[in-house]
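First the structure, in the form of structure tokens, and then the observations on it.
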Amino acid sequence: MQDSSRPVTGYPPIPLLPGAPTSNPRPTFFRRLFVAFAVLLIIFGTILLIFWLVLRPHLPDFSIQSISLSNFNASNQRVNGTWNAQFQVSNPNKKLSIYYGDIVSSVFHKDDFLTETRIGPFVQGTRKVNSVEASYSVVDSFVEGKVVDAMNGERSRGEIKFNIKVVADVAFRYGGWRGRRRLLRVWCDDVALTGSSGKLTGGFKKCSVD
Ligand SMILES: *[C@@H]1O[C@H](CO)[C@@H](O)[C@H](O)[C@H]1NC(C)=O
Ligand SMILES: *[C@@H]1O[C@H](CO)[C@@H](O)[C@H](O)[C@H]1NC(C)=O
């Protein structure tokens with residue numbers, strides 16, 4: 001009876017190869033485990049996706065509601081002027097409020113910098129629209145002769161265009177949670193001002209934000 005396990009043929013016993021088909025129950029077990037993991041992953045992913053869709057931060061919208069320029073005079077490489085701009089800032093987020101800090105706004109003629117000003121920090125609630133004022137002024141500030149000529153040329157043709165820029169540090173907030181700060185850049189290009197005498201005015205202009 002002890003010899004019954006011996007191969008009758010006389011060949012050495014064939015070792016079980018790793019890839020050989022067997023009736024081992026382990027593959028089924030691993031397959032079930034894999035399916036369970038996949039299902040968990042899909043559920044978890046769906047929850048994350050919903051969370052992301054609900055809380056996904058949308059950048060605020062900026063537009064210039066009105067702008068005026070008084071005491072403008074550019075001559076002999078010098079410029080004088082006082083700009084007053086009113087921005088409309090909207091927070092489109094339903095769940096996130098926005099903090100704005102270190103707000104700096106500047107005025108350019110094409111690419112040439114003219115002046116800048118700082119705007120106080122503020123927090124904007126969900127779905128809120130704020131009106132933000134900025135006032136800039138220059139007295140006898142140096143500008144290149146070609147910029148003076150370009151501005152006076154435009155003015156004599158009826159309108160001067162300025163590019164207004166706003167840079168701010170912003171952070172989205174959800175309840176007590178506060179996201180990390182990011183730089184917000186706003187460009188309001190080709191803001192046209194018209195007028196005859198000392199005061200030039202301009203109207204609504206949508207700005208681009210990134
Ligand atoms: C602008 O300033 C120059 C130099 O100060 C002066 O001669 C000129 O009259 C001024 N122009 C206007 C329109 O005020
Ligand atoms: C700017 O204003 C100052 C002070 O009022 C004046 O002395 C200067 O001539 C003005 N410059 C220009 C370019 O108008």
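Chain lettering (A, B, ...) mirrors the order of the structure tokens, residue numbering begins at 1 for each chain separately, and ligand numbering begins at 1 in order of display.
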
Exercise for the section: Using DSSP on the backbone coordinates, identify all residues within segment 26-123 of chain A classified as helix (DSSP H, G or I); present the result as number ranges by chain. Expected result: A: 26-55

Practice task
Please write out the residues within 9 Å of ligand 1 as a ChimeraX atom specification, counting only C-alpha atoms and all ligand atoms.
Solution key: /A:71-76,78-80,140,197-198

Practice task
Tell me, as number ranges by chain, which residues lie within 8 Å of segment 181-188 of chain A, counting only C-alpha atoms; anything in the same chain fewer than 4 positions away does not count.
Solution key: A: 62-64, 163-172, 205-210

Problem - 9 Å contact set for segment 129-134 of chain A, only C-alpha atoms, chain neighbours under 6 positions out, as a list in words - result: Gln65, Trp83, Asn84, Ala85, Gln86, Phe87, Gln88, Val89, Ser90, Asn91, Pro92, Ser105, Thr117, Arg118 and Ile119 of chain A

Which of segment 53-104 of chain A end up as strand (DSSP E or B) when DSSP is run on this backbone - answer as a compact mmCIF listing (two decimals) with N, CA and C atoms, in the first residue's frame?
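Saved as result-v1.txt:
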```
# COMPACT_ATOMS: atom_id res chain seq x y z
N ASP A 61 -16.15 87.39 -11.19
CA ASP A 61 -16.24 88.21 -12.41
C ASP A 61 -15.93 89.65 -12.06
N PHE A 62 -15.19 90.29 -12.93
CA PHE A 62 -14.87 91.70 -12.75
C PHE A 62 -15.35 92.48 -13.97
N SER A 63 -15.91 93.66 -13.73
CA SER A 63 -16.16 94.58 -14.83
C SER A 63 -16.00 95.99 -14.31
N ILE A 64 -15.72 96.90 -15.23
CA ILE A 64 -15.65 98.31 -14.85
C ILE A 64 -17.03 98.88 -15.12
N GLN A 65 -17.62 99.44 -14.07
CA GLN A 65 -18.95 100.03 -14.23
C GLN A 65 -18.85 101.43 -14.80
N SER A 66 -17.91 102.18 -14.25
CA SER A 66 -17.69 103.53 -14.77
C SER A 66 -16.29 103.97 -14.43
N ILE A 67 -15.80 104.89 -15.21
CA ILE A 67 -14.45 105.42 -14.96
C ILE A 67 -14.42 106.87 -15.43
N SER A 68 -13.70 107.70 -14.69
CA SER A 68 -13.57 109.09 -15.13
C SER A 68 -12.12 109.52 -14.94
N LEU A 69 -11.75 110.50 -15.70
CA LEU A 69 -10.39 111.04 -15.63
C LEU A 69 -10.48 112.56 -15.61
N SER A 70 -9.91 113.15 -14.57
CA SER A 70 -9.93 114.62 -14.50
C SER A 70 -8.52 115.18 -14.40
N ASN A 71 -8.42 116.46 -14.69
CA ASN A 71 -7.13 117.18 -14.67
C ASN A 71 -6.06 116.50 -15.50
N PHE A 72 -6.48 115.92 -16.61
CA PHE A 72 -5.50 115.23 -17.44
C PHE A 72 -4.74 116.21 -18.30
N ASN A 73 -3.43 116.13 -18.21
CA ASN A 73 -2.57 116.93 -19.07
C ASN A 73 -1.26 116.18 -19.27
N ALA A 74 -0.93 115.93 -20.49
CA ALA A 74 0.34 115.27 -20.80
C ALA A 74 1.12 116.19 -21.73
N SER A 75 2.26 116.65 -21.27
CA SER A 75 3.13 117.48 -22.12
C SER A 75 4.55 117.45 -21.57
N ARG A 78 5.74 114.79 -19.21
CA ARG A 78 5.13 114.78 -17.87
C ARG A 78 3.64 114.52 -18.05
N VAL A 79 3.08 113.86 -17.04
CA VAL A 79 1.64 113.65 -17.11
C VAL A 79 1.00 113.94 -15.75
N ASN A 80 -0.17 114.58 -15.80
CA ASN A 80 -1.02 114.81 -14.63
C ASN A 80 -2.36 114.15 -14.90
N GLY A 81 -2.97 113.63 -13.87
CA GLY A 81 -4.31 113.09 -14.06
C GLY A 81 -4.81 112.37 -12.82
N THR A 82 -6.12 112.32 -12.67
CA THR A 82 -6.76 111.59 -11.58
C THR A 82 -7.84 110.69 -12.18
N TRP A 83 -7.66 109.41 -12.03
CA TRP A 83 -8.63 108.43 -12.52
C TRP A 83 -9.50 107.96 -11.34
N ASN A 84 -10.78 107.82 -11.57
CA ASN A 84 -11.66 107.22 -10.57
C ASN A 84 -12.42 106.10 -11.24
N ALA A 85 -12.19 104.89 -10.77
CA ALA A 85 -12.85 103.73 -11.39
C ALA A 85 -13.74 103.04 -10.38
N GLN A 86 -14.86 102.53 -10.90
CA GLN A 86 -15.76 101.75 -10.07
C GLN A 86 -15.85 100.36 -10.69
N PHE A 87 -15.40 99.37 -9.93
CA PHE A 87 -15.45 97.99 -10.41
C PHE A 87 -16.68 97.29 -9.83
N GLN A 88 -17.24 96.41 -10.63
CA GLN A 88 -18.27 95.52 -10.09
C GLN A 88 -17.65 94.13 -9.99
N VAL A 89 -17.65 93.59 -8.78
CA VAL A 89 -17.04 92.27 -8.54
C VAL A 89 -18.13 91.31 -8.10
N SER A 90 -18.29 90.18 -8.83
CA SER A 90 -19.32 89.22 -8.46
C SER A 90 -18.71 87.86 -8.11
N SER A 97 -17.28 81.49 -0.16
CA SER A 97 -17.05 82.94 -0.10
C SER A 97 -15.60 83.18 -0.52
N ILE A 98 -15.28 84.41 -0.83
CA ILE A 98 -13.94 84.72 -1.34
C ILE A 98 -13.32 85.84 -0.51
N TYR A 99 -12.07 85.60 -0.13
CA TYR A 99 -11.29 86.65 0.54
C TYR A 99 -10.35 87.28 -0.48
N TYR A 100 -10.33 88.62 -0.51
CA TYR A 100 -9.42 89.35 -1.40
C TYR A 100 -8.46 90.16 -0.53
N GLY A 101 -7.17 89.98 -0.75
CA GLY A 101 -6.17 90.75 0.00
C GLY A 101 -5.08 91.25 -0.94
N ASP A 102 -4.26 92.16 -0.43
CA ASP A 102 -3.14 92.73 -1.21
C ASP A 102 -3.57 93.16 -2.61
N ILE A 103 -4.64 93.92 -2.68
CA ILE A 103 -5.19 94.29 -3.99
C ILE A 103 -4.46 95.53 -4.52
N VAL A 104 -3.89 95.37 -5.68
CA VAL A 104 -3.19 96.49 -6.33
C VAL A 104 -3.76 96.66 -7.72
```

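Closest approach to ligand 2 among A:Leu59, A:Val143, A:Ala192, A:Leu96: A:Val143, based on only C-alpha atoms and all ligand atoms.
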
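Take the candidates A:Val191, A:Leu33, A:Val139, A:Met151 and check each one against ligand 2 using only C-alpha atoms and all ligand atoms; the shortest distance goes to A:Val139.
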
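Nearest to Pro60 of chain A of all the residues A:Arg178, A:Arg127, A:Lys146, A:Lys95 is A:Arg127, counting only C-alpha atoms.
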